[in-house]
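Enquirer: Input file: model.csv. Contents: CSV, C-alpha atoms and all ligand atoms.
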```csv
chain,number,residue,atom,x,y,z
A,148,MET,CA,189.5,107.8,101.9
A,149,THR,CA,188.3,104.7,100.3
A,150,PHE,CA,184.9,103.5,99.4
A,151,SER,CA,183.6,100.0,99.0
A,152,PRO,CA,184.5,98.2,95.7
A,153,GLU,CA,180.8,98.4,94.7
A,154,LEU,CA,180.7,102.1,95.2
A,155,GLU,CA,184.0,102.6,93.4
A,156,ALA,CA,182.6,100.7,90.5
A,157,LYS,CA,179.5,102.8,90.5
A,158,PHE,CA,181.6,106.0,90.5
A,159,ALA,CA,183.8,104.7,87.7
A,160,LYS,CA,180.7,104.0,85.5
A,161,MET,CA,179.0,107.2,86.4
A,162,ILE,CA,182.0,109.4,85.5
A,163,GLN,CA,182.0,107.9,82.0
A,164,ASN,CA,178.6,109.5,81.4
A,165,TYR,CA,180.1,113.0,81.6
A,166,PRO,CA,182.1,114.6,78.8
A,167,ALA,CA,185.8,115.3,79.4
A,168,GLY,CA,186.1,118.4,81.6
A,169,ARG,CA,182.5,118.2,82.7
A,170,GLN,CA,182.8,115.6,85.4
A,171,LYS,CA,181.8,118.2,87.9
A,172,GLY,CA,178.2,117.4,86.9
A,173,ALA,CA,178.5,114.2,88.8
A,174,LEU,CA,178.8,116.1,92.1
A,175,ILE,CA,175.3,115.6,93.4
A,176,PRO,CA,174.9,111.9,92.6
A,177,MET,CA,178.4,111.2,93.9
A,178,LEU,CA,177.6,113.0,97.1
A,179,LEU,CA,174.3,111.1,97.5
A,180,PHE,CA,175.8,107.7,96.9
A,181,ALA,CA,178.8,108.4,99.1
A,182,GLN,CA,176.4,109.6,101.9
A,183,ASP,CA,174.4,106.4,101.6
A,184,GLU,CA,177.6,104.4,102.3
A,185,VAL,CA,179.3,106.7,104.9
A,186,GLY,CA,176.1,108.0,106.6
A,187,SER,CA,176.6,111.7,106.4
A,188,MET,CA,178.7,114.4,104.8
A,189,THR,CA,181.9,114.0,106.8
A,190,PRO,CA,184.9,116.2,106.2
A,191,GLU,CA,186.8,113.2,104.8
A,192,LEU,CA,184.0,112.5,102.3
A,193,LEU,CA,184.0,116.1,101.2
A,194,GLU,CA,187.7,116.2,100.8
A,195,GLU,CA,187.7,113.0,98.7
A,196,VAL,CA,184.9,114.1,96.4
A,197,SER,CA,186.6,117.5,96.0
A,198,LYS,CA,189.8,115.8,95.0
A,199,ARG,CA,188.1,113.3,92.6
A,200,LEU,CA,185.9,115.9,90.8
A,201,LYS,CA,188.4,118.8,91.0
A,202,VAL,CA,185.6,120.9,92.7
A,203,LYS,CA,186.5,123.4,95.3
A,204,ARG,CA,185.5,122.4,98.8
A,205,VAL,CA,183.6,125.7,99.2
A,206,GLU,CA,181.4,124.8,96.2
A,207,ILE,CA,180.6,121.4,97.8
A,208,GLU,CA,179.7,123.2,101.0
A,209,GLU,CA,177.3,125.4,99.0
A,210,VAL,CA,175.6,122.4,97.4
A,211,ILE,CA,175.2,120.7,100.8
A,212,GLY,CA,173.7,123.9,102.2
A,213,TYR,CA,171.1,124.0,99.5
A,214,TYR,CA,170.0,120.4,99.1
A,215,THR,CA,168.2,119.1,102.2
A,216,MET,CA,168.9,115.5,101.1
A,217,LEU,CA,172.5,116.0,101.9
A,218,THR,CA,173.3,116.1,105.6
A,219,ARG,CA,176.1,116.5,108.0
A,220,GLU,CA,174.2,114.7,110.7
A,221,PRO,CA,174.2,110.9,110.5
A,222,ARG,CA,170.7,109.6,109.8
A,223,GLY,CA,168.9,106.5,110.8
A,224,GLN,CA,169.1,103.4,108.7
A,225,HIS,CA,165.8,104.5,107.2
A,226,HIS,CA,165.1,108.2,106.7
A,227,VAL,CA,161.5,109.2,106.9
A,228,GLN,CA,160.6,112.5,105.3
A,229,ILE,CA,157.1,113.9,105.6
A,230,CYS,CA,155.8,116.9,103.7
A,231,THR,CA,153.8,119.4,105.6
A,232,ASN,CA,153.7,122.0,102.8
A,233,VAL,CA,150.3,123.5,101.6
A,234,SER,CA,148.8,120.6,99.7
A,235,CYS,CA,149.9,118.0,102.2
A,236,MET,CA,149.0,120.3,105.2
A,237,LEU,CA,145.4,120.6,103.8
A,238,THR,CA,145.1,116.8,103.4
A,239,GLY,CA,146.5,115.7,106.8
A,240,GLY,CA,150.2,116.1,106.4
A,241,GLU,CA,150.7,117.9,109.7
A,242,GLU,CA,148.7,115.3,111.6
A,243,LEU,CA,150.7,112.6,109.7
A,244,TYR,CA,154.0,114.2,110.8
A,245,GLN,CA,152.8,114.4,114.4
A,246,HIS,CA,151.7,110.8,114.3
A,247,ALA,CA,155.2,109.8,113.0
A,248,CYS,CA,156.8,111.8,115.9
A,249,LYS,CA,154.8,109.8,118.4
A,250,LYS,CA,155.2,106.5,116.6
A,251,LEU,CA,159.0,106.8,116.4
A,252,GLY,CA,159.4,108.7,119.6
A,253,ILE,CA,161.6,111.4,118.0
A,254,GLY,CA,161.2,114.9,116.6
A,255,ASN,CA,162.4,116.7,113.5
A,256,LYS,CA,165.9,115.7,112.3
A,257,GLN,CA,166.3,113.2,115.1
A,258,LYS,CA,167.2,109.6,115.1
A,259,THR,CA,165.7,106.7,117.1
A,260,ALA,CA,168.0,105.3,119.9
A,261,ASP,CA,168.6,102.1,118.0
A,262,GLY,CA,169.6,104.1,114.9
A,263,GLN,CA,167.0,102.4,112.8
A,264,PHE,CA,164.9,105.5,111.8
A,265,SER,CA,165.4,109.2,111.4
A,266,LEU,CA,162.6,111.7,110.8
A,267,GLU,CA,162.4,115.0,108.9
A,268,GLU,CA,159.6,117.4,108.2
A,269,VAL,CA,160.1,118.6,104.6
A,270,GLU,CA,158.9,121.0,102.1
A,271,CYS,CA,157.0,120.1,98.9
A,272,LEU,CA,158.1,116.7,97.4
A,273,GLY,CA,156.5,117.5,94.1
A,274,ALA,CA,153.7,115.1,94.7
A,275,CYS,CA,150.9,117.5,95.6
A,276,SER,CA,148.2,115.7,93.6
A,277,TRP,CA,148.7,112.6,95.8
A,278,ALA,CA,149.0,114.4,99.1
A,279,PRO,CA,149.8,113.8,101.8
A,280,ALA,CA,153.1,112.5,100.5
A,281,MET,CA,156.2,111.1,102.2
A,282,LEU,CA,159.5,109.5,101.4
A,283,ILE,CA,161.2,106.6,103.1
A,284,ASP,CA,164.8,106.5,101.8
A,285,TYR,CA,164.3,106.8,98.0
A,286,ASP,CA,160.7,105.4,97.9
A,287,PHE,CA,157.8,107.8,97.5
A,288,HIS,CA,154.5,107.0,99.3
A,289,PHE,CA,151.3,108.8,98.4
A,290,ASN,CA,147.9,109.5,100.0
A,291,VAL,CA,149.5,108.4,103.2
A,292,THR,CA,147.3,107.8,106.3
A,293,PRO,CA,148.6,107.3,109.8
A,294,GLU,CA,147.6,103.6,109.4
A,295,LYS,CA,149.6,103.3,106.2
A,296,LEU,CA,152.6,104.9,107.9
A,297,ASP,CA,152.4,102.5,110.8
A,298,GLY,CA,152.4,99.6,108.3
A,299,LEU,CA,155.4,100.9,106.4
A,300,ILE,CA,157.4,101.4,109.7
A,301,GLU,CA,156.4,98.0,111.0
A,302,SER,CA,157.4,96.2,107.8
A,303,LEU,CA,160.8,98.0,107.8
A,304,LYS,CA,161.3,96.9,111.5
A,305,LYS,CA,160.7,93.3,110.5
A,306,THR,CA,163.3,93.4,107.8
A,307,GLN,CA,166.1,94.2,110.3
B,401,LIG,S1,152.9,120.0,99.2
B,401,LIG,FE1,153.4,118.0,99.8
B,401,LIG,S2,154.1,117.1,98.0
B,401,LIG,FE2,153.6,119.1,97.4
```
Written as structure tokens, that's how I'd like the structure from this file.
Expert:
Amino acid sequence: MTFSPELEAKFAKMIQNYPAGRQKGALIPMLLFAQDEVGSMTPELLEEVSKRLKVKRVEIEEVIGYYTMLTREPRGQHHVQICTNVSCMLTGGEELYQHACKKLGIGNKQKTADGQFSLEEVECLGACSWAPAMLIDYDFHFNVTPEKLDGLIESLKKTQ
């Protein structure tokens, strides 16, 4: 499997940050960057990363099973994650999540028909002091209201 020249350059630079024999430490960032390009954890991607980092395939499967940001299902172009854990639940996170379901017309771990958005209800994002919190791709958003969420979604639609 080959990646884009940009991603290959990123991998080459990243690997240099790890001491000899410790390149296995690059597993999670390598999986994340590869997923961004490929769209999901495909068998080919796993095989390639396994080969490059000399990590057993079963170890990669364990990592994917643990970290929710790694997925086997292709996501939308923009992945919306809304926290409904305690702090967020108490400050409107559940209502925000329901609003997002209606706004996007999809449910948990689903993708819009045009492939532009996917939605996921998630556990604590570590931003409890600014609840309710959500992530769109790698960007955190705090003290989110339904109106703010609508604005974020609409502005992303316009950039397409
Ligand atoms: S409970 Fe939502 S960020 Fe912690």
Enquirer: List every residue of chain A that has an atom at most 7 Å from any atom of ligand LIG 401 (chain B), and for each one report the closest atom pair and its distance in Å to one decimal, counting only C-alpha atoms and all ligand atoms, with rows sorted by chain and then by increasing residue number, as CSV.
Expert:
```
residue,atom,partner,partner_atom,distance
A:Cys230,CA,B:LIG401,FE1,4.7
A:Thr231,CA,B:LIG401,FE1,6.0
A:Asn232,CA,B:LIG401,S1,4.2
A:Val233,CA,B:LIG401,S1,5.0
A:Ser234,CA,B:LIG401,S1,4.2
A:Cys235,CA,B:LIG401,FE1,4.2
A:Glu270,CA,B:LIG401,FE1,6.7
A:Cys271,CA,B:LIG401,FE2,3.8
A:Leu272,CA,B:LIG401,S2,4.1
A:Gly273,CA,B:LIG401,S2,4.6
A:Ala274,CA,B:LIG401,S2,3.9
A:Cys275,CA,B:LIG401,FE2,3.6
A:Ala278,CA,B:LIG401,FE1,5.7
A:Pro279,CA,B:LIG401,FE1,5.9
A:Ala280,CA,B:LIG401,S2,5.3
```
Enquirer: Between CA of Gln224 (chain A) and CA of Leu243 (chain A), measure the distance and give it in Å to one decimal.
Expert: 20.6 Å
Enquirer: So, with all atoms listed in the file as the atoms that count, which of A:Arg169, A:Asp284, A:Glu220, A:Ile229 lies closest to Pro190 (chain A)?
Expert: A:Glu220
Enquirer: Between CA of Lys258 (chain A) and CA of Val210 (chain A), what is the distance, to one decimal in Å?
Expert: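 Distance reported for this atom pair: 23.4 Å.
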Enquirer: Between A:Leu296, A:Leu282, A:Ala173, A:Tyr214, single out the one closest to Lys249 (chain A), counting only C-alpha atoms.
Expert: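 Smallest distance to Lys249 (chain A) is found for A:Leu296.
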Enquirer: Between CA of Gln307 (chain A) and CA of Ser265 (chain A), what distance in Å does the model show, to one decimal?
Expert: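 Pair CA of Gln307 (chain A) / CA of Ser265 (chain A) returns 15.1 Å.
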Enquirer: I'd like the contact shell of Val185 (chain A) - 9 Å cut-off, only C-alpha atoms, skipping same-chain residues fewer than 5 positions apart - returned as an NGL selection string.
Expert: :A and (150 or 180 or 192 or 221)
Enquirer: Determine, counting all atoms listed in the file, which protein, DNA and RNA residues have an atom within 12 Å of an atom of region 152-161 of chain A; residues of the same chain fewer than 6 positions away are not included. Present the result as a tab-separated table (two decimals) with C-alpha atoms, in the coordinates of the input.
Expert:
```tsv
chain	number	residue	atom	x	y	z
A	170	GLN	CA	182.80	115.60	85.40
A	171	LYS	CA	181.80	118.20	87.90
A	172	GLY	CA	178.20	117.40	86.90
A	173	ALA	CA	178.50	114.20	88.80
A	174	LEU	CA	178.80	116.10	92.10
A	175	ILE	CA	175.30	115.60	93.40
A	176	PRO	CA	174.90	111.90	92.60
A	177	MET	CA	178.40	111.20	93.90
A	178	LEU	CA	177.60	113.00	97.10
A	179	LEU	CA	174.30	111.10	97.50
A	180	PHE	CA	175.80	107.70	96.90
A	181	ALA	CA	178.80	108.40	99.10
A	182	GLN	CA	176.40	109.60	101.90
A	183	ASP	CA	174.40	106.40	101.60
A	184	GLU	CA	177.60	104.40	102.30
A	185	VAL	CA	179.30	106.70	104.90
A	196	VAL	CA	184.90	114.10	96.40
A	199	ARG	CA	188.10	113.30	92.60
A	200	LEU	CA	185.90	115.90	90.80
```
Enquirer: Determine, counting all atoms listed in the file, which protein, DNA and RNA residues have an atom within 10 Å of an atom of Glu206 (chain A); residues of the same chain fewer than 5 positions away are not included. Present the result as JSON, numbers by chain.
Expert: {"A": [174, 197, 211, 212]}
Enquirer: May I ask which of the residues A:Gly186, A:Arg222, A:Ser302, A:Glu209 is the closest one to Thr259 (chain A), counting all atoms listed in the file?
Expert: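 Ranking A:Gly186, A:Arg222, A:Ser302, A:Glu209 by distance to Thr259 (chain A), first place goes to A:Arg222.
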Enquirer: Find the residues near Arg204 (chain A): any atom within 8 Å, counting all atoms listed in the file, skip ones fewer than 4 places away on the same chain, and give them as a list of chain:residue names.
Expert: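 The contact residues come out as A:Leu193, A:Glu194, A:Ser197, A:Glu208.
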Enquirer: When distances are computed from only C-alpha atoms, which of A:Tyr244, A:Phe264, A:Tyr165, A:Tyr213 shows the smallest separation from Glu301 (chain A)?
Expert: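 Counting only C-alpha atoms, the residue closest to Glu301 (chain A) is A:Phe264.
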Enquirer: Which residue, A:Lys198, A:Lys256, A:His246, A:Lys203, has the smallest gap to Met216 (chain A) when you use only C-alpha atoms?
Expert: A:Lys256
